[in-house]
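Text of protein-v7.txt, listed as compact mmCIF, C-alpha atoms and all ligand atoms:
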```
# COMPACT_ATOMS: atom_id res chain seq x y z
CA MET A 28 12.37 57.91 34.23
CA SER A 29 13.09 54.65 32.48
CA LEU A 30 13.43 54.68 28.70
CA VAL A 31 12.78 50.94 28.51
CA PRO A 32 9.13 50.40 27.62
CA MET A 33 7.31 48.64 30.41
CA LYS A 34 6.12 45.14 29.55
CA THR A 35 2.35 44.87 29.86
CA LEU A 36 -0.16 42.13 29.23
CA THR A 37 -3.87 42.76 28.74
CA ILE A 38 -6.22 39.81 29.04
CA ARG A 39 -9.92 39.27 29.50
CA LYS A 40 -10.82 39.68 33.13
CA PRO A 41 -10.08 36.40 34.96
CA ASP A 42 -12.51 34.25 36.93
CA ASP A 43 -11.70 32.10 39.93
CA TRP A 44 -13.31 28.68 39.62
CA HIS A 45 -12.64 27.65 43.24
CA LEU A 46 -12.72 30.25 46.01
CA HIS A 47 -13.36 30.31 49.76
CA LEU A 48 -14.79 33.62 50.95
CA ARG A 49 -15.91 32.44 54.43
CA ASP A 50 -18.40 34.57 56.34
CA GLY A 51 -18.66 37.49 58.80
CA ALA A 52 -15.53 39.58 59.41
CA VAL A 53 -13.29 37.36 57.28
CA LEU A 54 -15.69 37.60 54.33
CA LYS A 55 -15.63 41.41 54.61
CA ALA A 56 -11.83 41.41 54.72
CA VAL A 57 -11.15 38.99 51.86
CA ALA A 58 -13.97 39.60 49.34
CA PRO A 59 -12.58 42.95 48.07
CA HIS A 60 -9.30 41.22 47.13
CA SER A 61 -11.00 38.74 44.80
CA ALA A 62 -13.39 41.40 43.50
CA ALA A 63 -10.44 43.64 42.54
CA HIS A 64 -9.04 41.18 39.97
CA PHE A 65 -11.75 38.66 39.14
CA GLY A 66 -15.08 38.96 37.35
CA ARG A 67 -16.70 35.89 38.87
CA ALA A 68 -15.86 33.08 41.25
CA ILE A 69 -17.26 29.68 42.11
CA ILE A 70 -17.89 30.06 45.83
CA MET A 71 -17.11 27.08 48.03
CA PRO A 72 -19.93 26.06 50.39
CA ASN A 73 -17.90 24.65 53.32
CA LEU A 74 -19.16 27.04 55.97
CA VAL A 75 -20.25 25.76 59.36
CA PRO A 76 -23.08 24.79 58.97
CA PRO A 77 -22.59 24.11 55.25
CA VAL A 78 -24.37 25.87 52.39
CA ALA A 79 -26.47 22.80 51.68
CA THR A 80 -29.78 24.05 50.26
CA ALA A 81 -30.93 26.58 47.68
CA ARG A 82 -32.15 28.71 50.56
CA ASP A 83 -28.73 28.67 52.25
CA ALA A 84 -27.06 29.59 48.95
CA ALA A 85 -29.41 32.53 48.30
CA ALA A 86 -28.78 33.91 51.80
CA TYR A 87 -25.00 33.44 51.54
CA ARG A 88 -24.99 35.16 48.13
CA GLU A 89 -26.65 38.21 49.70
CA ARG A 90 -24.02 38.33 52.45
CA ILE A 91 -21.27 38.17 49.83
CA LEU A 92 -22.81 40.96 47.75
CA ALA A 93 -23.08 43.09 50.90
CA ALA A 94 -19.36 42.58 51.59
CA LEU A 95 -18.26 43.88 48.16
CA PRO A 96 -16.98 47.41 47.62
CA ALA A 97 -19.57 49.83 46.22
CA GLY A 98 -19.87 49.57 42.45
CA SER A 99 -18.15 46.17 42.24
CA GLY A 100 -19.41 44.01 39.39
CA PHE A 101 -18.03 40.81 40.95
CA GLN A 102 -20.45 37.92 40.58
CA PRO A 103 -20.44 35.11 43.15
CA LEU A 104 -21.41 31.84 41.44
CA MET A 105 -22.90 29.74 44.21
CA THR A 106 -22.46 26.04 44.88
CA LEU A 107 -24.30 23.56 47.08
CA TYR A 108 -22.57 21.28 49.56
CA LEU A 109 -23.56 17.73 48.74
CA THR A 110 -24.71 15.66 51.70
CA GLU A 111 -26.28 12.24 51.86
CA THR A 112 -29.65 13.95 52.40
CA THR A 113 -29.45 16.48 49.54
CA GLN A 114 -32.72 16.59 47.58
CA ALA A 115 -32.47 16.37 43.79
CA ASP A 116 -35.50 18.68 43.37
CA ASP A 117 -33.92 21.41 45.49
CA VAL A 118 -30.73 21.18 43.44
CA GLU A 119 -32.60 21.28 40.16
CA SER A 120 -34.66 24.33 41.05
CA ALA A 121 -31.60 26.22 42.34
CA PHE A 122 -29.90 25.55 39.00
CA ALA A 123 -33.00 26.50 37.00
CA ASP A 124 -33.18 29.81 38.91
CA GLY A 125 -29.59 30.60 37.87
CA LEU A 126 -28.56 30.68 41.54
CA VAL A 127 -26.34 27.62 41.65
CA HIS A 128 -23.61 26.74 39.15
CA ALA A 129 -22.17 23.57 40.67
CA VAL A 130 -22.57 21.06 43.48
CA LYS A 131 -19.56 20.26 45.65
CA LEU A 132 -18.62 16.77 46.76
CA TYR A 133 -16.44 16.56 49.85
CA PRO A 134 -15.59 13.05 50.97
CA ALA A 135 -16.49 13.21 54.68
CA GLY A 136 -13.39 14.09 56.68
CA ALA A 137 -11.15 14.86 53.68
CA THR A 138 -10.57 18.58 54.34
CA THR A 139 -11.65 21.73 56.23
CA ASN A 140 -15.33 21.55 57.28
CA SER A 141 -16.01 18.37 55.33
CA GLN A 142 -17.58 16.41 58.19
CA SER A 143 -21.07 16.75 56.66
CA GLY A 144 -19.80 15.40 53.33
CA VAL A 145 -20.34 12.12 51.55
CA ARG A 146 -19.34 8.74 53.04
CA ASP A 147 -20.88 6.55 50.37
CA VAL A 148 -21.16 7.85 46.80
CA GLY A 149 -23.88 5.23 46.19
CA LYS A 150 -26.16 7.24 48.49
CA VAL A 151 -25.93 10.39 46.34
CA MET A 152 -26.37 8.69 42.96
CA PRO A 153 -29.96 9.92 42.51
CA VAL A 154 -28.75 13.53 42.88
CA LEU A 155 -25.79 12.93 40.55
CA GLU A 156 -28.09 11.35 37.96
CA ARG A 157 -30.35 14.38 38.06
CA MET A 158 -27.33 16.69 37.71
CA ALA A 159 -26.13 14.71 34.69
CA HIS A 160 -29.58 15.05 33.19
CA ILE A 161 -29.81 18.84 33.63
CA GLY A 162 -26.12 19.57 32.88
CA LEU A 163 -25.12 20.82 36.34
CA PRO A 164 -21.41 20.23 37.09
CA LEU A 165 -20.09 18.36 40.14
CA CYS A 166 -16.95 19.81 41.74
CA VAL A 167 -14.95 17.17 43.57
CA HIS A 168 -12.39 17.33 46.36
CA GLY A 169 -10.58 14.26 45.09
CA GLU A 170 -8.89 12.58 48.03
CA VAL A 171 -9.71 9.35 49.81
CA THR A 172 -9.98 9.50 53.57
CA ASP A 173 -8.88 5.92 54.27
CA PRO A 174 -6.32 6.27 57.10
CA ALA A 175 -4.39 3.36 55.61
CA ILE A 176 -3.56 5.46 52.55
CA ASP A 177 -0.54 7.72 52.79
CA ILE A 178 -1.57 11.38 52.62
CA PHE A 179 0.67 11.96 49.59
CA ASP A 180 -1.14 9.16 47.70
CA ARG A 181 -4.72 10.13 48.50
CA GLU A 182 -5.42 11.91 45.23
CA ALA A 183 -4.10 9.10 43.03
CA VAL A 184 -6.03 6.49 45.02
CA PHE A 185 -9.22 8.58 44.81
CA ILE A 186 -8.92 8.58 41.02
CA ASP A 187 -8.70 4.78 40.93
CA ARG A 188 -11.26 3.99 43.59
CA VAL A 189 -13.89 6.70 43.16
CA LEU A 190 -13.48 8.96 40.15
CA ALA A 191 -12.79 6.45 37.39
CA PRO A 192 -15.72 4.22 38.44
CA LEU A 193 -18.02 7.27 38.70
CA ARG A 194 -17.03 8.41 35.19
CA GLN A 195 -17.82 4.94 33.87
CA ARG A 196 -21.13 4.75 35.67
CA LEU A 197 -22.30 8.25 34.72
CA PRO A 198 -20.28 9.54 31.76
CA GLU A 199 -22.80 12.34 31.07
CA LEU A 200 -22.07 14.01 34.43
CA LYS A 201 -19.85 17.09 34.11
CA ILE A 202 -17.11 16.84 36.71
CA VAL A 203 -14.42 19.25 37.85
CA MET A 204 -11.43 17.66 39.54
CA GLU A 205 -10.70 20.45 42.01
CA HIS A 206 -7.18 21.59 42.87
CA ILE A 207 -5.28 18.74 41.24
CA THR A 208 -1.82 18.26 42.70
CA THR A 209 -0.35 15.26 40.91
CA LYS A 210 0.90 13.98 37.58
CA ASP A 211 -1.71 11.24 38.03
CA GLY A 212 -4.43 13.91 38.14
CA VAL A 213 -3.06 15.61 35.03
CA GLU A 214 -2.87 12.33 33.11
CA PHE A 215 -6.35 11.25 34.12
CA ALA A 216 -7.82 14.62 33.06
CA ARG A 217 -6.01 14.49 29.73
CA ALA A 218 -7.49 11.09 28.96
CA GLN A 219 -11.10 12.31 29.46
CA ASP A 220 -13.59 14.01 27.17
CA GLU A 221 -14.78 17.63 27.44
CA ARG A 222 -17.21 16.75 30.23
CA LEU A 223 -14.29 16.65 32.64
CA GLY A 224 -12.29 19.69 33.70
CA ALA A 225 -9.59 20.21 36.32
CA THR A 226 -8.73 23.30 38.32
CA ILE A 227 -5.16 24.09 39.33
CA THR A 228 -4.25 26.48 42.15
CA THR A 229 -1.66 29.22 42.06
CA HIS A 230 0.30 27.80 44.97
CA HIS A 231 0.57 24.26 43.58
CA LEU A 232 2.31 25.76 40.52
CA ILE A 233 4.85 27.38 42.85
CA ILE A 234 5.58 25.19 45.86
CA ASN A 235 6.44 21.55 46.31
CA ARG A 236 6.38 19.72 49.63
CA ASN A 237 9.80 21.02 50.64
CA ALA A 238 8.18 24.42 51.24
CA ILE A 239 6.18 22.90 54.09
CA LEU A 240 8.81 20.68 55.64
CA ALA A 241 12.42 21.52 54.73
CA GLY A 242 14.35 23.65 57.22
CA GLY A 243 11.42 24.01 59.62
CA ILE A 244 7.69 23.41 59.54
CA ARG A 245 5.86 26.20 57.71
CA PRO A 246 2.14 26.16 58.36
CA HIS A 247 1.34 28.84 55.78
CA TYR A 248 2.30 26.38 53.03
CA TYR A 249 0.04 23.67 54.38
CA CYS A 250 -3.12 23.05 52.40
CA LEU A 251 -5.14 20.12 51.15
CA PRO A 252 -4.46 18.34 48.97
CA VAL A 253 -0.97 18.74 50.39
CA ALA A 254 1.74 19.90 47.95
CA LYS A 255 3.56 16.94 46.43
CA ARG A 256 7.12 16.31 45.18
CA GLU A 257 8.74 18.40 42.44
CA THR A 258 7.89 16.06 39.53
CA HIS A 259 4.21 16.65 40.25
CA ARG A 260 4.63 20.42 40.37
CA GLN A 261 6.32 20.24 36.97
CA ALA A 262 3.41 18.22 35.56
CA LEU A 263 0.95 20.83 36.86
CA ARG A 264 2.97 23.66 35.29
CA GLN A 265 3.02 21.84 32.00
CA ALA A 266 -0.75 21.28 32.12
CA ALA A 267 -1.60 24.86 33.13
CA THR A 268 0.60 26.42 30.45
CA SER A 269 -0.21 23.89 27.69
CA GLY A 270 -3.31 25.66 26.36
CA ASP A 271 -5.36 22.48 26.97
CA LYS A 272 -8.93 23.67 27.66
CA ARG A 273 -9.54 21.08 30.35
CA PHE A 274 -7.25 22.95 32.78
CA PHE A 275 -8.29 26.26 34.33
CA LEU A 276 -7.62 28.42 37.36
CA GLY A 277 -9.26 27.67 40.69
CA THR A 278 -7.13 29.51 43.23
CA ASP A 279 -8.52 27.64 46.26
CA SER A 280 -7.67 30.85 48.12
CA ALA A 281 -8.57 29.60 51.60
CA PRO A 282 -8.07 32.18 54.35
CA HIS A 283 -7.71 31.13 57.98
CA VAL A 284 -6.73 33.55 60.73
CA ASP A 285 -3.07 33.10 61.67
CA LYS A 286 -3.73 31.82 65.16
CA LEU A 287 -5.55 28.81 63.68
CA LYS A 288 -2.63 28.01 61.37
CA GLU A 289 0.30 28.77 63.69
CA THR A 290 -0.57 26.17 66.29
CA ALA A 291 0.16 22.55 67.22
CA CYS A 292 -2.64 21.36 64.94
CA GLY A 293 -2.93 24.02 62.29
CA CYS A 294 -5.65 23.99 59.68
CA ALA A 295 -5.26 23.57 55.93
CA GLY A 296 -5.58 26.42 53.46
CA ILE A 297 -3.46 29.08 51.73
CA PHE A 298 -4.67 32.64 51.15
CA THR A 299 -3.68 33.72 47.63
CA ALA A 300 -6.42 36.10 46.49
CA PRO A 301 -4.37 39.34 46.73
CA ASN A 302 -1.34 38.20 44.72
CA THR A 303 -2.60 35.33 42.57
CA MET A 304 -2.55 37.24 39.27
CA ALA A 305 0.95 38.63 39.91
CA CYS A 306 2.22 35.16 40.85
CA LEU A 307 0.61 33.56 37.78
CA ALA A 308 2.14 36.15 35.44
CA HIS A 309 5.52 35.24 36.97
CA VAL A 310 4.92 31.50 36.47
CA PHE A 311 3.68 31.85 32.89
CA GLU A 312 6.57 34.17 32.02
CA GLU A 313 9.01 31.66 33.48
CA GLU A 314 7.42 28.94 31.32
CA GLU A 315 7.52 31.25 28.26
CA ALA A 316 3.77 30.94 28.04
CA LEU A 317 2.45 34.44 28.78
CA ASP A 318 0.32 34.12 25.65
CA ARG A 319 -1.52 31.22 27.33
CA LEU A 320 -2.28 32.95 30.62
CA GLU A 321 -5.60 34.29 29.33
CA GLY A 322 -6.81 30.83 28.34
CA PHE A 323 -6.02 29.46 31.80
CA THR A 324 -7.47 32.34 33.83
CA SER A 325 -10.23 33.74 31.61
CA LEU A 326 -11.38 31.42 28.77
CA HIS A 327 -11.25 27.71 29.60
CA GLY A 328 -13.33 27.98 32.78
CA PRO A 329 -16.26 29.88 31.23
CA SER A 330 -16.26 27.46 28.33
CA PHE A 331 -16.51 24.46 30.68
CA TYR A 332 -19.28 26.09 32.74
CA GLY A 333 -21.17 27.21 29.61
CA LEU A 334 -20.81 30.92 30.38
CA PRO A 335 -19.52 33.75 28.18
CA ALA A 336 -16.00 35.03 28.84
CA ASN A 337 -15.87 38.39 30.65
CA GLU A 338 -16.02 41.47 28.42
CA GLN A 339 -13.86 43.59 30.74
CA ARG A 340 -10.07 43.46 30.53
CA LEU A 341 -7.30 43.27 33.11
CA THR A 342 -3.82 44.64 32.49
CA LEU A 343 -0.70 43.27 34.15
CA GLU A 344 2.47 45.36 34.21
CA ARG A 345 6.01 44.15 34.69
CA GLN A 346 8.14 46.44 36.83
CA ASP A 347 11.93 46.49 36.92
CA MET A 348 11.92 46.65 40.69
CA PRO A 349 10.16 43.97 42.75
CA VAL A 350 6.63 44.97 43.73
CA GLU A 351 5.94 45.31 47.44
CA MET A 352 3.06 43.08 48.52
CA PRO A 353 1.32 43.17 51.90
CA ARG A 354 2.43 40.17 53.96
CA SER A 355 -0.92 39.92 55.68
CA ILE A 356 -4.34 41.47 55.88
CA GLU A 357 -6.45 42.18 58.92
CA ALA A 358 -9.90 40.85 59.78
CA ASP A 359 -11.54 42.14 62.94
CA GLY A 360 -8.27 42.41 64.86
CA GLU A 361 -6.86 39.10 63.57
CA THR A 362 -4.24 38.73 60.85
CA ILE A 363 -4.42 36.47 57.79
CA THR A 364 -1.06 35.79 56.13
CA VAL A 365 -0.90 36.21 52.36
CA PHE A 366 0.87 33.51 50.32
CA ASP A 367 4.59 34.23 49.98
CA PRO A 368 5.84 32.72 46.70
CA MET A 369 9.46 32.93 47.93
CA PHE A 370 10.58 34.85 44.83
CA PRO A 371 10.46 38.57 44.14
CA ILE A 372 7.34 39.50 42.20
CA HIS A 373 7.78 41.95 39.34
CA TRP A 374 4.22 41.89 38.05
CA LYS A 375 1.29 43.92 39.27
CA VAL A 376 -2.28 44.45 38.20
CA ALA A 377 -2.64 47.92 36.68
CA GLU A 378 -4.61 50.35 38.83
CA ASN A 379 -7.20 51.17 36.22
CA ALA A 380 -8.33 47.55 35.94
CA SER A 381 -12.03 47.58 35.20
N1 LIG B 1 -7.61 23.72 50.46
C1 LIG B 1 -7.51 23.75 51.76
O1 LIG B 1 -6.46 23.41 52.29
N2 LIG B 1 -8.52 24.14 52.55
C2 LIG B 1 -9.85 24.49 52.14
C3 LIG B 1 -10.70 23.30 51.84
C4 LIG B 1 -10.42 22.62 50.52
O2 LIG B 1 -10.49 23.25 49.47
O3 LIG B 1 -10.13 21.41 50.50
C5 LIG B 1 -10.48 25.34 53.24
O4 LIG B 1 -11.69 25.49 53.25
O5 LIG B 1 -9.74 25.85 54.09
ZN ZN B 2 -10.72 20.85 48.57
ZN ZN B 3 -10.90 24.75 48.46
```
Please express the file's structure as structure tokens.
Amino acid sequence: MSLVPMKTLTIRKPDDWHLHLRDGAVLKAVAPHSAAHFGRAIIMPNLVPPVATARDAAAYRERILAALPAGSGFQPLMTLYLTETTQADDVESAFADGLVHAVKLYPAGATTNSQSGVRDVGKVMPVLERMAHIGLPLCVHGEVTDPAIDIFDREAVFIDRVLAPLRQRLPELKIVMEHITTKDGVEFARAQDERLGATITTHHLIINRNAILAGGIRPHYYCLPVAKRETHRQALRQAATSGDKRFFLGTDSAPHVDKLKETACGCAGIFTAPNTMACLAHVFEEEEALDRLEGFTSLHGPSFYGLPANEQRLTLERQDMPVEMPRSIEADGETITVFDPMFPIHWKVAENAS
């Protein structure tokens, strides 16, 4: 028995402001992992076909609730996938019913299942104007799809070409810059008012682009937006641990079965739901900012979305010995690899987390 008191940290239960739960067998396999540590999550709508209408969102919400362990209080906060034919009235009534908490803009072709997304932002202005009017946030995958733009520059160019003009045209619209990966994203967010927020993923605080490419090609570190160079990772760490309310956690936990990632043309997405909280405790401890973890995971997001913080608490414990984490989970006979942070993890979520 150790005489050294164990280090623990109790925070309000976190929320995940950007989560992919998928559908069918994968949904059943991954949902319990988010439900174990998070109170709520903004659920991404990029299924095939997309969750485009209030009706689709209501049906998907039921499938998610059915996939949760008995007694789970996890609340899926639904989003609608914005297309060039989205109806402003449908969006408004889904928001009024409390069903939908955001609308998601995917530039067509920018990422996984984004082919039904938006080609011309001008075409969706009537919907965006209505959203600004009713106070419904727009979540944005902020990358241009112009093949002439280098993939490592697509976020910065999106800010200049699309986001800054949209902010000027419709400053009342609440916007979340999803999964920012660059210093440019951090600086843009910092220069905005409280109607703009930015989510940061767990993995972008931990890996830079070397993880994908140095010493062999590692598909389980490939996601979009792709991890950038080290200076950008440092800027993200600074933003996440700064206490600035505009930055909050959106894990972008994006499971794909291994055979679709370990192939000649592997898909983008990193599955972090099982070990996100342990990894974040490590990162915040490293940055001497454990006192700011709660703001990032549990307070800033609800405040942006106009929701109360969770009443339940979550306790993290630091162990002397590294904690064993499962390397993968199983979904209907297929494996899904869990994010490997490439450092030993000493933190774990206490069993009695409520
Ligand atoms: N982040 C990813 O690399 N992939 C996401 C899509 C997204 O969030 O862009 C997915 O759905 O797999
Ligand atoms: Zn995205
Ligand atoms: Zn995502």
Which residues are near ligand ZN 2 (chain B) - at most 7 Å, using only C-alpha atoms and all ligand atoms? Format: as a PyMOL selection string. chain A and resi 138+168+205-206+251-252
From A:Gly212, A:Pro174, A:Gly277, A:Pro164, residue lying nearest ligand LIG 1 (chain B) [only C-alpha atoms and all ligand atoms]: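 Residue with the minimum atom-to-atom distance to ligand LIG 1 (chain B): A:Gly277.
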Would you list the contacts of region 290-292 of chain A as a PyMOL selection string, taking every protein, DNA or RNA residue within 12 Å and counting only C-alpha atoms, but skipping same-chain residues closer than 2 positions in sequence? chain A and resi 244-247+249+284-288+294-295
Take the selection from the previous step and output its residues with C-alpha atoms, as a PDB file, in the frame of the given file.
```
ATOM      1  CA  ILE A 244       7.690  23.410  59.540  1.00  0.00           C
ATOM      2  CA  ARG A 245       5.860  26.200  57.710  1.00  0.00           C
ATOM      3  CA  PRO A 246       2.140  26.160  58.360  1.00  0.00           C
ATOM      4  CA  HIS A 247       1.340  28.840  55.780  1.00  0.00           C
ATOM      5  CA  TYR A 249       0.040  23.670  54.380  1.00  0.00           C
ATOM      6  CA  VAL A 284      -6.730  33.550  60.730  1.00  0.00           C
ATOM      7  CA  ASP A 285      -3.070  33.100  61.670  1.00  0.00           C
ATOM      8  CA  LYS A 286      -3.730  31.820  65.160  1.00  0.00           C
ATOM      9  CA  LEU A 287      -5.550  28.810  63.680  1.00  0.00           C
ATOM     10  CA  LYS A 288      -2.630  28.010  61.370  1.00  0.00           C
ATOM     11  CA  CYS A 294      -5.650  23.990  59.680  1.00  0.00           C
ATOM     12  CA  ALA A 295      -5.260  23.570  55.930  1.00  0.00           C
TER      13      ALA A 295
END
```
Rounded to one decimal, what separation in Å do you get between CA of Phe122 (chain A) and CA of Met158 (chain A)?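 Separation between CA of Phe122 (chain A) and CA of Met158 (chain A): 9.3 Å.
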Determine, for each residue of region 249-367 of chain A having at least one atom at most 12 Å from an atom of region 69-91 of chain A, the closest pair of atoms and their separation in Å to one decimal, counting only C-alpha atoms; order by chain and ascending number, as CSV.
```
residue,atom,partner,partner_atom,distance
A:Leu276,CA,A:Ile69,CA,10.8
A:Gly277,CA,A:Ile69,CA,8.4
A:Thr278,CA,A:Ile69,CA,10.2
A:Asp279,CA,A:Met71,CA,8.8
A:Ser280,CA,A:Met71,CA,10.2
A:Ala281,CA,A:Met71,CA,9.6
A:Gly328,CA,A:Ile69,CA,10.3
A:Pro329,CA,A:Ile69,CA,10.9
A:Tyr332,CA,A:Ile69,CA,10.2
```
Need to verify the contact set: Glu312 (chain A), 12 Å, all atoms listed in the file, exclusion of same-chain residues closer than 5 positions in sequence. Can you return it as JSON, numbers by chain? {"A": [34, 35, 36, 264, 268, 305, 306, 307, 317, 318, 319, 320, 343, 345, 372, 373, 374]}
Please, could you write that set of residues out with C-alpha atoms as a PDB file, in the frame of the given file?
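Dumped to again-v1.pdb:
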```pdb
ATOM      1  CA  LYS A  34       6.120  45.140  29.550  1.00  0.00           C
ATOM      2  CA  THR A  35       2.350  44.870  29.860  1.00  0.00           C
ATOM      3  CA  LEU A  36      -0.160  42.130  29.230  1.00  0.00           C
ATOM      4  CA  ARG A 264       2.970  23.660  35.290  1.00  0.00           C
ATOM      5  CA  THR A 268       0.600  26.420  30.450  1.00  0.00           C
ATOM      6  CA  ALA A 305       0.950  38.630  39.910  1.00  0.00           C
ATOM      7  CA  CYS A 306       2.220  35.160  40.850  1.00  0.00           C
ATOM      8  CA  LEU A 307       0.610  33.560  37.780  1.00  0.00           C
ATOM      9  CA  LEU A 317       2.450  34.440  28.780  1.00  0.00           C
ATOM     10  CA  ASP A 318       0.320  34.120  25.650  1.00  0.00           C
ATOM     11  CA  ARG A 319      -1.520  31.220  27.330  1.00  0.00           C
ATOM     12  CA  LEU A 320      -2.280  32.950  30.620  1.00  0.00           C
ATOM     13  CA  LEU A 343      -0.700  43.270  34.150  1.00  0.00           C
ATOM     14  CA  ARG A 345       6.010  44.150  34.690  1.00  0.00           C
ATOM     15  CA  ILE A 372       7.340  39.500  42.200  1.00  0.00           C
ATOM     16  CA  HIS A 373       7.780  41.950  39.340  1.00  0.00           C
ATOM     17  CA  TRP A 374       4.220  41.890  38.050  1.00  0.00           C
TER      18      TRP A 374
END
```
Could you pull the residues within 10 Å of Asp180 (chain A), counting all atoms listed in the file, minus those fewer than 6 positions along the same chain, as a list of chain:residue names?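 The residues satisfying every condition are A:Glu170, A:Val171, A:Thr209, A:Asp211, A:Pro252, A:Val253, A:Lys255.
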Would you mind telling me which residue in A:Val148, A:Leu155, A:Ala254, A:Leu163 lies nearest to Arg188 (chain A) when using only C-alpha atoms? A:Val148
In terms of the shortest atom-to-atom distance over all atoms listed in the file, which of A:Ile38, A:Ala97, A:Leu104, A:Met33 is closest to Met304 (chain A)? A:Ile38
Which polymer residues have any atom within 10 Å of an atom of Phe215 (chain A), counting all atoms listed in the file, with same-chain residues fewer than 2 positions away left out, as a list of chain:residue names? A:Ala183, A:Ile186, A:Asp187, A:Leu190, A:Ala191, A:Met204, A:Thr209, A:Lys210, A:Asp211, A:Gly212, A:Val213, A:Arg217, A:Ala218, A:Gln219, A:Leu223, A:Ala225
Find the residues around Ser269 (chain A) up to 12 Å (only C-alpha atoms counted), leave out those fewer than 3 positions away in its own chain, and share them as a list in words.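 Listing them by chain and then by number gives Val213, Arg217, Gln261, Ala262, Leu263, Arg264, Gln265, Ala266, Lys272, Arg273, Phe274, Phe275, Phe311, Glu314, Glu315, Ala316, Leu317, Asp318, Arg319, Leu320, Glu321, Gly322, Phe323 and His327 of chain A.
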In Å, how far is it from CA of Arg222 (chain A) to CA of Cys166 (chain A)? 11.9 Å
Using all atoms listed in the file, which of the listed residues (A:Tyr133, A:Pro96, A:Leu107, A:His47) sits closest to Ala121 (chain A)?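 With all atoms listed in the file as the atom set, the closest residue is A:Leu107.
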Straight-line distance linking CA of Ile178 (chain A) with CA of Tyr248 (chain A), stated in Å to one decimal: 15.5 Å
Pick the closest to Pro41 (chain A) from A:Arg340, A:Arg157, A:Lys375, A:Arg194: which is it, counting only C-alpha atoms? A:Arg340
